[in-house]
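*Asks:* Have a look at this one before I ask anything.
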Amino acid sequence: MAVRAAVAGASGYAGGEVLRLLLGHPGVEIGALTGHSNAGQALGGLQPHLTPLAGRVLEPTEAEVLAGHDVVFLALPHGQSAAVAEQLGEDVLVIDMGADFRLADAADWERFYGSEHAGTWPYGLPELPGARGALTGARRIAVPGCYPTAVSLALFPAYAADIAEPEAVITAASGTSGAGKTPKAHLLGSEVMGSMSPYGVGGGHRHTPEMIQNLSAVAGERITVSFTPTLAPMARGILATCSAKARPGVTAADVRAAYEKAFADEPFVRLLPEGQWPATASVYGSNAAQIQVAYDESAHRIIAISAIDNLTKGTAGGAVQSMNIALGLDETTGLSTIGVAP
Ligand SMILES: NC(=O)C1=CN([C@@H]2O[C@H](COP(=O)(O)OP(=O)(O)OC[C@H]3O[C@@H](n4cnc5c(N)ncnc54)[C@H](OP(=O)(O)O)[C@@H]3O)[C@@H](O)[C@H]2O)C=CC1
Ligand SMILES: CC(=O)N[C@@H](CCC(=O)OP(=O)(O)O)C(=O)O
């Protein structure tokens with residue numbers, strides 16, 4: 001029997017992407033769809049690519065509307081999820097695509113988000129060591145941020161194999177959809193087209209503590225992270241270039257072996273053959289992550305590069321993958337590694 005899923009924030013980018021995936025999921029029936037300023041509007045005018053749902057009208061984001069579903073996806077701005085989630089029964093699987101329940105350290109939360117910490121839920125990045133166990137049977141799931149997904153996938157194998165020093169330097173380029181639909185001056189077409197620009201430089205980006213949390217848990221020691229995001233003139237995609245100094249004595253063969261071991265059985269992560277490089281265009285609209293790793297002998301550094309679609313593997317695909325695990329379904333149900341090209 002199909003599970004009934006509601007989506008709160010169905011007018012936004014993350015809500016739209018989870019609906020796109022759920023429409024192709026054989027085990028899910030789509031229930032209530034909610035919005036905020038767009039409550040009362042038909043979805044067809046807000047998400048015109050979701051043709052089968054064009055006639056559906058958004059309801060207000062209220063617990064009474066979301067109650068009575070087996071699964072509730074929350075695609076709301078930061079800080080809005082807890083008040084809704086606490087009114088939903090413990091038997092309802094609540095999947096938060098916002099940041100509210102990702103961090104374990106309340107001080108980190110308060111420093112980077114400036115509000116009271118709501119709590120910590122099982123973390124929806126199944127590829128991390130131990131994550132599938134915590135997700136199996138879970139009824140609350142925190143979906144990772146898009147940059148932490150790309151970066152954690154690229155670097156955790158090096159820390160799991162203890163071949164990297166505990167300091168990582170990361171630059172990542174993201175498409176503009178990562179910033180959501182709400183109009184912002186720096187996202188105007190004339191600002192973004194034909195240009196790339198950094199932001200959140202110098203340790204200020206709120207995804208930094210999430211990366212530190214993930215990598216430190218794998219390494220068993222604190223990993224420092226210097227993270228610089230950049231905005232790229234594309235709608236979707238993240239390309240993360242991550243590097244860390246190799247431990248003394250580590251060879252190129254050790255590096256390759258660590259990554260081959262980490263991803264050997266992963267359905268959505270592909271370690272590319274040597275000489276091929278990840279590209280955002282190759283994962284557009286798919287739940288795949290492409291990874292490549294190189295050993296820079298002269299600098300004695302490990303360079304790991306990942307490409308994901310920020311809205312798919314980076315948000316809604318990760319959410320559906322985690323839902324599948326929580327409900328005991330095949331992890332790949334309703335998810336594709338097939339991209340769109342050219
Ligand atoms: N875009 C991305 O790549 C990623 C996004 N996320 C997370 O997903 C969540 C949604 O992001 P995204 O879809 O990009 O954002 P959008 O701005 O595109 O959408 C926001 C959604 O939240 C609703 N909303 C706005 N204000 C409120 C409010 N006060 N109470 C309840 N609902 C509200 C909006 O409804 P309405 O339009 O009707 O006003 C809309 O449906 C965020 O927490 C974001 O961090 C996570 C990973 C990646
Ligand atoms: C391009 C861009 O602006 N990206 C967003 C990250 C999007 C995301 O995954 O973040 P949350 O779920 O944590 O909001 C940013 O840097 O704030």
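Each chain in the structure tokens gets a letter, A, B, ..., in the order shown, and its residues are numbered from 1; ligands are numbered from 1 in order too.
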Could you list, as a ChimeraX atom specification, all residues that come within 9 Å of ligand 2? Count only C-alpha atoms and all ligand atoms.
*Replies:* /A:14,75,77-78,97-100,143-149,173-180,187,199-200,205-207,229-232,238,310-311,314-315
*Asks:* For region 246-257 of chain A, find every residue with an atom within 7 Å (counting only C-alpha atoms), except residues of its own chain fewer than 6 positions away, and show them as a list in words.
*Replies:*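 Skipping anything fewer than 6 positions along the chain leaves Ile163, Ala164, Glu165, Tyr295, His300, Arg301 and Ile302 of chain A.
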*Asks:* Since we have the selection now, will you write its residues out, keeping N, CA and C atoms, as a tab-separated table (two decimals), in the first residue's frame?
*Replies:*
```
chain	number	residue	atom	x	y	z
A	163	ILE	N	44.04	8.86	6.13
A	163	ILE	CA	45.16	9.22	5.25
A	163	ILE	C	45.31	10.73	5.12
A	164	ALA	N	44.44	11.52	5.78
A	164	ALA	CA	44.50	12.97	5.64
A	164	ALA	C	44.72	13.64	6.99
A	165	GLU	N	45.47	14.75	6.97
A	165	GLU	CA	45.66	15.56	8.18
A	165	GLU	C	44.34	16.26	8.53
A	295	TYR	N	46.10	12.66	-6.05
A	295	TYR	CA	47.14	12.91	-5.07
A	295	TYR	C	48.14	13.87	-5.71
A	300	HIS	N	51.97	17.29	-1.58
A	300	HIS	CA	51.60	16.21	-0.65
A	300	HIS	C	50.17	16.42	-0.12
A	301	ARG	N	49.28	16.72	-1.07
A	301	ARG	CA	47.88	16.95	-0.69
A	301	ARG	C	46.95	16.00	-1.45
A	302	ILE	N	45.85	15.68	-0.79
A	302	ILE	CA	44.77	14.91	-1.42
A	302	ILE	C	43.76	15.94	-1.94
```
*Asks:* Would you list the contacts of Ser306 (chain A) as a ChimeraX atom specification, taking every protein, DNA or RNA residue within 9 Å and counting only C-alpha atoms, but skipping same-chain residues closer than 5 positions in sequence?
*Replies:* /A:150-151,153-154,238-242,277-280,289-293
*Asks:* Would you put the residues from that selection into a file with C-alpha atoms, as a tab-separated table (two decimals), in the first residue's frame?
*Replies:*
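Output (selection-v1.tsv):
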```tsv
chain	number	residue	atom	x	y	z
A	150	ALA	CA	28.93	17.62	-1.64
A	151	VAL	CA	31.87	18.19	0.71
A	153	LEU	CA	30.96	12.84	0.19
A	154	ALA	CA	34.21	14.14	-1.26
A	238	ILE	CA	27.48	22.21	-6.96
A	239	LEU	CA	31.11	21.52	-7.79
A	240	ALA	CA	33.16	21.18	-4.59
A	241	THR	CA	36.95	21.14	-4.69
A	242	CYS	CA	38.29	19.86	-1.38
A	277	TRP	CA	36.50	14.77	-13.81
A	278	PRO	CA	33.13	15.50	-12.18
A	279	ALA	CA	30.88	18.03	-13.91
A	280	THR	CA	27.62	19.53	-12.70
A	289	ALA	CA	27.14	12.24	-7.02
A	290	GLN	CA	30.29	12.09	-9.11
A	291	ILE	CA	33.61	12.00	-7.26
A	292	GLN	CA	37.21	12.10	-8.38
A	293	VAL	CA	40.31	12.11	-6.21
```
*Asks:* Mind checking which residues fall within 9 Å of Phe101 (chain A), counting only C-alpha atoms, ignoring those fewer than 2 positions away in the same chain, and posting them as a short mmCIF file (atom, residue, chain, number, x, y, z; two decimals) with N, CA and C atoms, in the first residue's frame?
*Replies:*
```
data_model
loop_
_atom_site.label_atom_id
_atom_site.label_comp_id
_atom_site.auth_asym_id
_atom_site.auth_seq_id
_atom_site.Cartn_x
_atom_site.Cartn_y
_atom_site.Cartn_z
N SER A 81 10.55 24.94 11.15
CA SER A 81 10.16 23.51 11.15
C SER A 81 9.72 23.00 12.51
N ALA A 82 10.41 23.43 13.57
CA ALA A 82 10.17 22.83 14.89
C ALA A 82 8.72 23.00 15.33
N ASP A 96 12.84 16.97 7.54
CA ASP A 96 13.08 18.41 7.48
C ASP A 96 14.20 18.70 6.49
N GLY A 98 15.13 21.77 5.87
CA GLY A 98 15.82 22.94 6.38
C GLY A 98 16.94 22.53 7.33
N ALA A 99 17.53 23.52 7.98
CA ALA A 99 18.74 23.27 8.77
C ALA A 99 18.46 22.96 10.24
N LEU A 103 22.43 20.12 13.31
CA LEU A 103 23.62 20.26 14.15
C LEU A 103 23.40 19.67 15.54
N ALA A 104 24.42 19.00 16.05
CA ALA A 104 24.32 18.42 17.40
C ALA A 104 24.72 19.45 18.46
N HIS A 117 18.45 26.64 19.63
CA HIS A 117 18.60 25.34 18.97
C HIS A 117 17.35 24.48 19.20
N ALA A 118 16.80 23.92 18.11
CA ALA A 118 15.56 23.14 18.24
C ALA A 118 15.81 21.69 18.63
N GLY A 119 17.00 21.16 18.32
CA GLY A 119 17.29 19.76 18.63
C GLY A 119 18.09 19.12 17.50
N THR A 120 18.29 17.80 17.62
CA THR A 120 19.12 17.09 16.64
C THR A 120 18.39 15.82 16.21
N TRP A 121 18.25 15.62 14.93
CA TRP A 121 17.58 14.42 14.39
C TRP A 121 18.58 13.56 13.62
N PRO A 122 18.26 12.28 13.39
CA PRO A 122 19.12 11.45 12.54
C PRO A 122 19.40 12.16 11.22
N TYR A 123 20.64 12.05 10.75
CA TYR A 123 21.16 12.87 9.66
C TYR A 123 21.05 12.12 8.34
N ILE A 141 13.91 13.00 10.49
CA ILE A 141 15.16 13.01 9.71
C ILE A 141 15.52 14.45 9.35
N ALA A 142 16.79 14.80 9.56
CA ALA A 142 17.31 16.11 9.14
C ALA A 142 18.10 15.93 7.85
N VAL A 143 17.62 16.55 6.79
CA VAL A 143 18.32 16.44 5.50
C VAL A 143 19.50 17.42 5.52
#
```
*Asks:* Nearest to ligand 1 among A:Ala316, A:Val225, A:Ala258, A:Ile303, with distances taken over only C-alpha atoms and all ligand atoms: which residue is it?
*Replies:* A:Ala316
*Asks:* Could you write out, as a PyMOL selection string, all the residues of region 147-302 of chain A that DSSP marks as helix (DSSP H, G or I)?
*Replies:* chain A and resi 147-160+176-179+185-187+189-192+208-219+252-263+280-283
*Asks:* Select from region 135-328 of chain A everything DSSP, run on the backbone, classes as strand (DSSP E), then give the selection as number ranges by chain.
*Replies:* A: 140-142, 164-174, 197-198, 224-231, 238-246, 269-271, 289-296, 301-308
*Asks:* Given the selection you just returned, output its residues as a file containing N, CA and C atoms, formatted as a short mmCIF file (atom, residue, chain, number, x, y, z; two decimals), in the first residue's frame.
*Replies:*
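Saved result, out-v8.cif, follows:
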```cif
data_model
loop_
_atom_site.label_atom_id
_atom_site.label_comp_id
_atom_site.auth_asym_id
_atom_site.auth_seq_id
_atom_site.Cartn_x
_atom_site.Cartn_y
_atom_site.Cartn_z
N ARG A 140 12.04 10.88 12.46
CA ARG A 140 12.44 12.27 12.31
C ARG A 140 13.79 12.25 11.57
N ILE A 141 13.91 13.00 10.49
CA ILE A 141 15.16 13.01 9.71
C ILE A 141 15.52 14.45 9.35
N ALA A 142 16.79 14.80 9.56
CA ALA A 142 17.31 16.11 9.14
C ALA A 142 18.10 15.93 7.85
N ALA A 164 44.44 11.52 5.78
CA ALA A 164 44.50 12.97 5.64
C ALA A 164 44.72 13.64 6.99
N GLU A 165 45.47 14.75 6.97
CA GLU A 165 45.66 15.56 8.18
C GLU A 165 44.34 16.26 8.53
N PRO A 166 44.15 16.63 9.80
CA PRO A 166 42.83 17.15 10.23
C PRO A 166 42.58 18.62 9.87
N GLU A 167 42.91 19.01 8.67
CA GLU A 167 42.59 20.38 8.20
C GLU A 167 42.19 20.28 6.75
N ALA A 168 41.06 20.83 6.41
CA ALA A 168 40.57 20.74 5.02
C ALA A 168 40.31 22.14 4.47
N VAL A 169 40.64 22.31 3.22
CA VAL A 169 40.40 23.58 2.53
C VAL A 169 39.45 23.31 1.37
N ILE A 170 38.37 24.06 1.32
CA ILE A 170 37.30 23.74 0.36
C ILE A 170 36.85 25.01 -0.36
N THR A 171 36.73 24.91 -1.68
CA THR A 171 36.00 25.94 -2.41
C THR A 171 34.90 25.21 -3.17
N ALA A 172 33.74 25.81 -3.22
CA ALA A 172 32.63 25.15 -3.92
C ALA A 172 31.83 26.19 -4.68
N ALA A 173 31.45 25.82 -5.90
CA ALA A 173 30.62 26.70 -6.71
C ALA A 173 29.21 26.14 -6.72
N SER A 174 28.23 27.01 -6.51
CA SER A 174 26.83 26.56 -6.49
C SER A 174 26.00 27.33 -7.51
N SER A 197 31.19 34.84 -8.22
CA SER A 197 31.62 35.68 -7.11
C SER A 197 31.54 34.89 -5.80
N PRO A 198 32.51 35.14 -4.88
CA PRO A 198 32.49 34.44 -3.59
C PRO A 198 31.56 35.13 -2.61
N THR A 224 39.49 20.81 11.18
CA THR A 224 39.20 22.21 10.89
C THR A 224 38.88 22.34 9.40
N VAL A 225 37.96 23.24 9.10
CA VAL A 225 37.49 23.40 7.72
C VAL A 225 37.55 24.88 7.36
N SER A 226 38.23 25.19 6.26
CA SER A 226 38.17 26.54 5.69
C SER A 226 37.35 26.44 4.41
N PHE A 227 36.17 27.04 4.43
CA PHE A 227 35.19 26.84 3.34
C PHE A 227 34.88 28.17 2.65
N THR A 228 35.03 28.19 1.35
CA THR A 228 34.68 29.38 0.57
C THR A 228 33.68 29.02 -0.52
N PRO A 229 32.42 29.44 -0.38
CA PRO A 229 31.44 29.21 -1.44
C PRO A 229 31.49 30.29 -2.51
N THR A 230 31.14 29.91 -3.71
CA THR A 230 31.01 30.90 -4.80
C THR A 230 29.70 30.66 -5.54
N LEU A 231 29.18 31.72 -6.07
CA LEU A 231 27.93 31.66 -6.83
C LEU A 231 28.29 31.53 -8.31
N ILE A 238 26.36 21.82 -7.83
CA ILE A 238 27.48 22.21 -6.96
C ILE A 238 28.71 21.44 -7.41
N LEU A 239 29.81 22.15 -7.57
CA LEU A 239 31.11 21.52 -7.79
C LEU A 239 31.99 21.90 -6.61
N ALA A 240 32.36 20.92 -5.79
CA ALA A 240 33.16 21.18 -4.59
C ALA A 240 34.57 20.65 -4.79
N THR A 241 35.54 21.53 -4.59
CA THR A 241 36.95 21.14 -4.69
C THR A 241 37.53 21.17 -3.29
N CYS A 242 37.92 20.00 -2.79
CA CYS A 242 38.29 19.86 -1.38
C CYS A 242 39.72 19.34 -1.31
N SER A 243 40.50 19.88 -0.42
CA SER A 243 41.85 19.33 -0.30
C SER A 243 42.28 19.30 1.16
N ALA A 244 43.17 18.32 1.44
CA ALA A 244 43.75 18.18 2.78
C ALA A 244 45.15 17.61 2.60
N LYS A 245 46.05 18.00 3.47
CA LYS A 245 47.41 17.46 3.41
C LYS A 245 47.35 15.96 3.72
N ALA A 246 48.12 15.18 2.97
CA ALA A 246 48.14 13.73 3.23
C ALA A 246 48.98 13.44 4.47
N VAL A 269 26.69 7.07 -5.67
CA VAL A 269 27.98 7.76 -5.76
C VAL A 269 28.88 7.01 -6.73
N ARG A 270 29.39 7.73 -7.69
CA ARG A 270 30.27 7.10 -8.66
C ARG A 270 31.66 7.73 -8.56
N LEU A 271 32.64 6.89 -8.19
CA LEU A 271 34.04 7.32 -8.25
C LEU A 271 34.45 7.18 -9.71
N ALA A 289 26.00 11.39 -7.36
CA ALA A 289 27.14 12.24 -7.02
C ALA A 289 28.32 11.67 -7.77
N GLN A 290 29.05 12.53 -8.44
CA GLN A 290 30.29 12.09 -9.11
C GLN A 290 31.47 12.57 -8.27
N ILE A 291 32.43 11.68 -8.08
CA ILE A 291 33.61 12.00 -7.26
C ILE A 291 34.87 11.65 -8.05
N GLN A 292 35.88 12.47 -7.92
CA GLN A 292 37.21 12.10 -8.38
C GLN A 292 38.20 12.52 -7.31
N VAL A 293 39.30 11.76 -7.20
CA VAL A 293 40.31 12.11 -6.21
C VAL A 293 41.68 12.02 -6.87
N ALA A 294 42.55 12.93 -6.48
CA ALA A 294 43.91 12.91 -7.02
C ALA A 294 44.88 13.15 -5.87
N TYR A 295 46.10 12.66 -6.05
CA TYR A 295 47.14 12.91 -5.07
C TYR A 295 48.14 13.87 -5.71
N ASP A 296 48.29 15.05 -5.10
CA ASP A 296 49.23 16.05 -5.61
C ASP A 296 50.56 15.80 -4.90
N ARG A 301 49.28 16.72 -1.07
CA ARG A 301 47.88 16.95 -0.69
C ARG A 301 46.95 16.00 -1.45
N ILE A 302 45.85 15.68 -0.79
CA ILE A 302 44.77 14.91 -1.42
C ILE A 302 43.76 15.94 -1.94
N ILE A 303 43.40 15.80 -3.22
CA ILE A 303 42.41 16.72 -3.81
C ILE A 303 41.20 15.88 -4.19
N ALA A 304 40.07 16.14 -3.58
CA ALA A 304 38.84 15.39 -3.90
C ALA A 304 37.81 16.36 -4.44
N ILE A 305 37.20 15.97 -5.55
CA ILE A 305 36.24 16.86 -6.21
C ILE A 305 34.90 16.12 -6.35
N SER A 306 33.82 16.82 -6.00
CA SER A 306 32.50 16.20 -6.15
C SER A 306 31.59 17.11 -6.95
N ALA A 307 30.66 16.48 -7.67
CA ALA A 307 29.60 17.23 -8.35
C ALA A 307 28.27 16.61 -7.97
N ILE A 308 27.33 17.46 -7.55
CA ILE A 308 25.96 17.01 -7.28
C ILE A 308 25.00 18.05 -7.86
#
```
*Asks:* Between A:Ser286, A:Ser115, A:Gln87, A:Gln41, which is the closest to ligand 1 once you count only C-alpha atoms and all ligand atoms?
*Replies:* A:Gln41
*Asks:* Between A:Gly203, A:Gly317, A:Pro129, A:Gly16, single out the one closest to Tyr159 (chain A), counting only C-alpha atoms.
*Replies:*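 The answer is A:Pro129, which sits nearest to Tyr159 (chain A).
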*Asks:* Which residue, A:Gln47, A:Ser152, A:Thr333, A:Ser216, has the smallest gap to Glu127 (chain A) when you use only C-alpha atoms?
*Replies:* A:Ser152
